[in-house]
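A.B. asks: I have a structure here, written as structure tokens, and I will follow up with some questions on it.
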Number of protein chains: 2
Amino acid sequence: MAEQDVYDKLVDLARRRGFFWPSYEIYGGLTGFYDIGPYGFAIKKKIIEAWRKFFIFNHQDYVVEIETPAIAPSIVFEASGHVENFTDPVVRCTKCGRIYRADHLLEEALGINAEGLSPAELTAKIRENGVKCPICGGELSDVTTFNLLFKTQIGPYEGSIGYIRPELAQGMFTSFKRVLEAVRGRLPLGIAQVGRVGRNEISPRQGMIRLRDFTIMEMEFFFNPESQECPGIEKYMDYRLRVRRYEERLRGEEPKEYTVRELIERKIVIHACMAYWMVIGHQFIRYLGVSDDETFFEEKGPHEKAHYAAQVFDQLVRMSRWGWVEVAGYAYRGDYDLSRHAKYSGQDLQVFIPYREPMTVRVKRVLVDKAYVGRTFKGKANEVLRAVASLDPAQVEEQLASNGNVMVGDIELPASAVKVVEEEQKVSGVKVMPHVVEPSFGTDRLLYMVLEKAYREKEGRVIMSIPRYLAPIDAVVLPLMEDDERLRKEAAKLRDLLVSNGFTVVLDDTGSIGRRYARADELGVPAALTVDYRTLEDHTVTLRDRDTWRQVRIREEEAPEALRKFIYNLVDIGKLGPEVKAPEGEGS
Amino acid sequence: MAEQDVYDKLVDLARRRGFFWPSYEIYGGLTGFYDIGPYGFAIKKKIIEAWRKFFIFNHQDYVVEIETPAIAPSIVFEASGHVENFTDPVVRCTKCGRIYRADHLLEEALGINAEGLSPAELTAKIRENGVKCPICGGELSDVTTFNLLFKTQIGPYEGSIGYIRPELAQGMFTSFKRVLEAVRGRLPLGIAQVGRVGRNEISPRQGMIRLRDFTIMEMEFFFNPESQECPGIEKYMDYRLRVRRYEERLRGEEPKEYTVRELIERKIVIHACMAYWMVIGHQFIRYLGVSDDETFFEEKGPHEKAHYAAQVFDQLVRMSRWGWVEVAGYAYRGDYDLSRHAKYSGQDLQVFIPYREPMTVRVKRVLVDKAYVGRTFKGKANEVLRAVASLDPAQVEEQLASNGNVMVGDIELPASAVKVVEEEQKVSGVKVMPHVVEPSFGTDRLLYMVLEKAYREKEGRVIMSIPRYLAPIDAVVLPLMEDDERLRKEAAKLRDLLVSNGFTVVLDDTGSIGRRYARADELGVPAALTVDYRTLEDHTVTLRDRDTWRQVRIREEEAPEALRKFIYNLVDIGKLGPEVKAPEGEGS
């Protein structure tokens, strides 16, 4: 098949067989919104569970999952910088009123890369090149910005603005201290979340790839920035990742393979924790069915990064129509978010890091002649003493040296009444503002990716070779003939046995056996169990592999265990039972 | 303990130990928004999985799960009736500007039940009784309505209104035909969903019980209204449910026990499917730790029901501060939603129900004298013929009988040119608009419920007796002494063994063993496994039961299997190994 067709074929299949389709179809649809159908959702659920295993369960000593609301008051997104920075440039046609994303319009009209240009720069390019409305030819307005936050009102009072979260992160930042205290009180701490977010894209046009309302899986990994260590990294120092740095991309170079050791030692990543979570993300993507040559990490350039990030690597996967698509981002958010929330809320969000042993340090302290203060200021004496106590010793020394006195507000204290002494003090630790590395995945893109990677054609039929453990249904049970009540009864018994063992099973008894195999292949069902006349005699059934169409004969009562081994690829199908020829009409 | 204290104690514990707390605390909080912390979320996830098992997995032949967006264009909620009806009455103080929910204000000021009164009736009550602003004493405005939908704008065009869904249901209704075709093409069909919804409550004041942004678990069960059957109901005909009908409540009567047979035969429920899902919901709530005397089903009265429902039963559970709290609703939505969407979208949302055998029916048909029409109307003849074809035969017969002619628009056809004939026709089925029963659960309320039902005090300590299979952590592993590296290493090995078997485990090695037991009890961890000096010799550890503080000695290598049996209550703890005396200081 021609590669450019896979997208269209898959979208058609997805709609017909219940993987996904545009939402609100009966009203003509709405770009940027997709429904995930029953079989798509079954896969999506397994993708989420796999992500939880890789990112949370396997790190359960220091990674936890929480859930925070989808709506937040405006102060949260003012602090996070989204009210100011989460924008795209837009331009409006002064004749027909249509609105375009300005950089995309310029890219289409002039074939240039306009990402990251300012509104003024974009306006200049439009004027210089005489770019007009592509639909009606009208004059375009100056370029302005459009904020991508969905805005709403919380409660009955006008002016009480809220926004739908465009990422999950702020839920973790605003609750960070509470979570830290509840779970271990020390770093590192990963706070993960899976949830829906909203991004009010101007005109999304890439199907499931760019949605306005979608699921992300995100972790904020908080650590002590004064250490370069990352727990678990030692296991992966020789692990190889394909990476393309920003300058390499500018020079048109291909991604290169680096060991984790190289990424850290050559400071290609800001911190070892970036490399660590990229390794976990690489393993996760591989588990979803992507081969190593179809994915790499790409560093974003200065104008491409989100406002909060000091460094970002996108994890790209090659897809048929869209080329290299970002399925995850790894952002070094540093202390940007916590510091901003500390500032906007007035709360101390630092973490106390105890030293292994208390340390002795020399500290300066301001001493004041209390008798002098009492005599001189009488009723105000206590107030003056408190004010002196809050002075910075270094500044007091400086004032004494240069002026010969010390000002406390508008009160003057002579040099004779104040001195600075140095003392030894025991300190047991230090307060730090944690830094954060954030791996963040778009779940619906991953679902699309899994389906596209699984798409095959064989003898004119479609086979969805979804990794067996991600398939929407574990097995179909098929009575060989359509209208035989004895076969149907036996098949229902087998179905019940499998369901009682936790499998998702469909009993399909309509149409020829070949058509039923084809239906199951198209849905990605890994195993077909066929009940035939021999089953009625010896209680064996055939187990057929979706991908190879090989068939083996297994005992009915052993079907749950055989299916488990088959789905988790624990043994080759040939080990499950004697191989049999496929029945007539199967063509294999 | 005094019962009225449980709420406060639990809220304090929840905040301290990471079950839940008010969102955006660092900004002073915002009523109606809660964060679910790591241990709360671990339980919530298990509640959702349990719901999926009871409602979806166990009915996998005809119930599927989908996922639809949280934001919908306004047409969807115009069709659903929410733009018009999803409102609460509000009143504003003309002096201080405060806004109140009018019925609640009247209930507090006058002690009357004002639910369901119209704005005009509420205004009249305010005026009659001279009710004033409870804060500043100012005059109150007339009562108006406030729409509880969170409103937003989709895309860059002003006027493109969208709303956050207040329920999941409309996602299932707008995609119903697509799902039906994808999965089986026939009724019954349950479409389930778990997801966040938003309700812009005027002033929510009941903590986790009334949120503005929360998770619901909902199923729309579509069935053929021409049949009274419900699949699976025969198993439950003698199942007993406690129910209070609306009139019984008005008469001050207590709930009564009915069998499902009685509910159906005495038409207490509109349809057998209502009773069926109430049974499943009852089993589900029992699984979450609620005893039968703490829950019943209450029928809503005419003014209490949502606008789309012909009948609603609330499933109530008794809680400490709030009394009987609704944790689920069972609504008979009939064909309200599908009919409305059919009307607003112009799409045919009916389902074709095939007869077992084609039936012969007599149908009337309008015949017209084509030659006459051709002669008379010439170029317009085809148009006239088409118009005649769309006439209702019964109306044509009536016109012929009363007027002796037939009007087609403004064209008159004489009796000689038109006649109505009756013919036999084979029909293979009939189109029906499915009816819908909807069970809908508030997940965060269920989480609160599970925690409250689990709250115990024993010897001055708190024990969260959460059903073991719902506990946030499966086991703690405790090295007996705090600072012994050999014990710690052995404990780490045991922890790793349990984790590799799929358990969530915490290794706690700080503080006295008694304090560590207490910490685990407070978090609801069902099993504590203690590694002591005997472990180093014979590789046995103690397994301690959170609820009884009984301890048995088990072999380390058998810990995963013992823990599995313990958590799923498969055997009494005494069967897992020889019982041992609790160590000193445990107090048990």
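We label chains A, B, ... in the order they appear in the structure tokens, count residues from 1 in each chain, and number ligands from 1 in the order shown.
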From a DSSP calculation on the backbone, collect every residue of stretch 315-472 of chain A in helix (DSSP H, G or I) and output the set as a ChimeraX atom specification.
C.D. replies: /A:336-345,370-389,393-403,415-417,443-454,468-470
A.B. asks: Which residues, written as a VMD selection string, have at least one atom at most 8 Å from stretch 233-244 of chain A, with only C-alpha atoms counted and residues fewer than 2 positions away on the same chain left out?
C.D. replies: chain A and resid 229 to 231 246 248 to 249 253 to 261 272 to 273 276 279 282 295 to 299
A.B. asks: Keeping only N, CA and C atoms, write the selected residues to a file as a compact mmCIF listing (two decimals), in the first residue's frame.
C.D. replies:
```
# COMPACT_ATOMS: atom_id res chain seq x y z
N GLU A 229 22.64 13.86 41.31
CA GLU A 229 22.24 12.46 41.30
C GLU A 229 20.80 12.26 40.88
N CYS A 230 20.55 11.08 40.34
CA CYS A 230 19.16 10.69 40.04
C CYS A 230 19.01 9.23 40.42
N PRO A 231 18.05 8.89 41.29
CA PRO A 231 17.96 7.50 41.72
C PRO A 231 17.71 6.57 40.53
N TYR A 246 19.55 20.85 19.21
CA TYR A 246 19.00 21.95 18.43
C TYR A 246 19.97 22.41 17.34
N GLU A 248 22.33 20.79 15.96
CA GLU A 248 22.46 19.75 14.94
C GLU A 248 21.31 19.81 13.94
N ARG A 249 20.15 20.08 14.46
CA ARG A 249 18.99 20.22 13.57
C ARG A 249 19.18 21.41 12.64
N GLU A 253 21.61 18.03 10.47
CA GLU A 253 22.15 16.71 10.79
C GLU A 253 21.07 15.75 11.28
N GLU A 254 21.36 14.46 11.16
CA GLU A 254 20.45 13.42 11.62
C GLU A 254 20.63 13.21 13.13
N PRO A 255 19.66 12.60 13.80
CA PRO A 255 19.83 12.25 15.21
C PRO A 255 21.02 11.30 15.37
N LYS A 256 21.69 11.38 16.52
CA LYS A 256 22.82 10.50 16.80
C LYS A 256 22.50 9.65 18.03
N GLU A 257 23.17 8.51 18.13
CA GLU A 257 23.00 7.67 19.31
C GLU A 257 23.98 8.09 20.39
N TYR A 258 23.48 8.29 21.60
CA TYR A 258 24.32 8.63 22.74
C TYR A 258 24.02 7.64 23.86
N THR A 259 25.03 7.33 24.67
CA THR A 259 24.73 6.62 25.90
C THR A 259 24.26 7.65 26.91
N VAL A 260 23.54 7.17 27.92
CA VAL A 260 23.11 8.07 28.99
C VAL A 260 24.32 8.74 29.62
N ARG A 261 25.42 7.99 29.76
CA ARG A 261 26.64 8.57 30.33
C ARG A 261 27.08 9.78 29.51
N ALA A 272 20.86 14.83 35.24
CA ALA A 272 20.74 13.38 35.04
C ALA A 272 19.28 12.93 35.04
N CYS A 273 18.41 13.61 35.81
CA CYS A 273 17.00 13.19 35.87
C CYS A 273 16.30 13.35 34.52
N TYR A 276 17.22 10.19 32.78
CA TYR A 276 16.57 9.03 33.39
C TYR A 276 15.15 8.85 32.85
N VAL A 279 14.88 7.69 29.31
CA VAL A 279 15.06 6.24 29.18
C VAL A 279 13.74 5.51 29.45
N HIS A 282 11.43 5.99 26.65
CA HIS A 282 11.82 5.21 25.48
C HIS A 282 11.35 3.76 25.62
N THR A 295 11.76 6.36 16.28
CA THR A 295 11.59 7.34 17.35
C THR A 295 12.93 7.94 17.74
N PHE A 296 12.95 9.20 18.09
CA PHE A 296 14.15 9.83 18.68
C PHE A 296 13.72 11.05 19.49
N PHE A 297 14.71 11.61 20.20
CA PHE A 297 14.46 12.79 21.04
C PHE A 297 15.03 14.02 20.36
N GLU A 298 14.25 15.07 20.30
CA GLU A 298 14.70 16.28 19.60
C GLU A 298 14.66 17.46 20.55
N GLU A 299 15.78 18.14 20.64
CA GLU A 299 15.85 19.31 21.52
C GLU A 299 15.15 20.49 20.87
```
A.B. asks: Pick from B:Thr535, B:Gln283, B:Thr152, B:Gln399: nearest to chain A, with only C-alpha atoms counted?
C.D. replies: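 Comparing B:Thr535, B:Gln283, B:Thr152, B:Gln399 against chain A, the winner is B:Thr152.
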A.B. asks: With a distance cut-off of 12 Å and only C-alpha atoms, select the neighbouring residues of A:Ala387, excluding the residue or stretch itself and same-chain residues fewer than 6 positions from it, and output the selection as a ChimeraX atom specification.
C.D. replies: /A:366,368,373,380-381,406-411,413
A.B. asks: Using 8 Å as the limit and counting only C-alpha atoms, can you tabulate each residue of chain B that touches chain A, with its shortest atom-to-atom distance in Å and the two atoms involved, as CSV?
C.D. replies:
```
residue,atom,partner,partner_atom,distance
B:Arg15,CA,A:Arg178,CA,7.8
B:Arg16,CA,A:Ala182,CA,6.1
B:Arg17,CA,A:Ala182,CA,4.9
B:Gly18,CA,A:Ala182,CA,4.9
B:Ser23,CA,A:Thr68,CA,7.3
B:Tyr24,CA,A:Thr174,CA,6.0
B:Glu25,CA,A:Ser175,CA,7.5
B:Ile26,CA,A:Ser345,CA,6.0
B:Tyr27,CA,A:Ser345,CA,5.5
B:Phe33,CA,A:Pro69,CA,6.6
B:Tyr34,CA,A:Thr68,CA,6.9
B:Asp35,CA,A:Thr68,CA,4.6
B:Ile36,CA,A:Glu67,CA,5.0
B:Gly37,CA,A:Ile66,CA,5.0
B:Pro38,CA,A:Ile66,CA,4.9
B:Gly40,CA,A:Ile66,CA,8.0
B:Phe41,CA,A:Ile66,CA,5.7
B:Ala42,CA,A:Glu65,CA,7.7
B:Phe57,CA,A:Thr504,CA,7.6
B:Gln60,CA,A:Thr504,CA,7.4
B:Asp61,CA,A:Val506,CA,7.0
B:Val64,CA,A:Pro38,CA,5.7
B:Glu65,CA,A:Pro38,CA,5.3
B:Ile66,CA,A:Pro38,CA,4.9
B:Glu67,CA,A:Ile36,CA,5.0
B:Thr68,CA,A:Asp35,CA,4.6
B:Pro69,CA,A:Asp213,CA,6.0
B:Ala70,CA,A:Asp213,CA,6.9
B:Ile71,CA,A:Asp213,CA,7.1
B:Ile99,CA,A:Pro156,CA,7.1
B:Phe146,CA,A:Pro156,CA,7.3
B:Phe150,CA,A:Thr152,CA,6.3
B:Lys151,CA,A:Thr152,CA,5.6
B:Thr152,CA,A:Thr152,CA,5.2
B:Gln153,CA,A:Phe150,CA,6.8
B:Ile154,CA,A:Asn200,CA,6.4
B:Gly155,CA,A:Ile202,CA,5.3
B:Pro156,CA,A:Ile202,CA,5.8
B:Tyr157,CA,A:Ile99,CA,7.7
B:Thr174,CA,A:Tyr24,CA,6.0
B:Ser175,CA,A:Tyr24,CA,7.0
B:Arg178,CA,A:Gly18,CA,7.5
B:Val179,CA,A:Gly18,CA,6.5
B:Glu181,CA,A:Arg16,CA,7.7
B:Ala182,CA,A:Gly18,CA,4.9
B:Val183,CA,A:Gly18,CA,7.1
B:Arg196,CA,A:Ala70,CA,7.9
B:Asn200,CA,A:Gly155,CA,5.7
B:Glu201,CA,A:Gly155,CA,6.3
B:Ile202,CA,A:Gly155,CA,5.3
B:Ser203,CA,A:Gly155,CA,7.1
B:Asp213,CA,A:Pro69,CA,6.0
B:Phe214,CA,A:Pro69,CA,7.2
B:Ser345,CA,A:Tyr27,CA,5.5
B:Gln347,CA,A:Ile26,CA,6.5
B:Thr504,CA,A:Gln60,CA,7.4
B:Val505,CA,A:Gln60,CA,7.9
B:Val506,CA,A:Asp61,CA,7.0
```
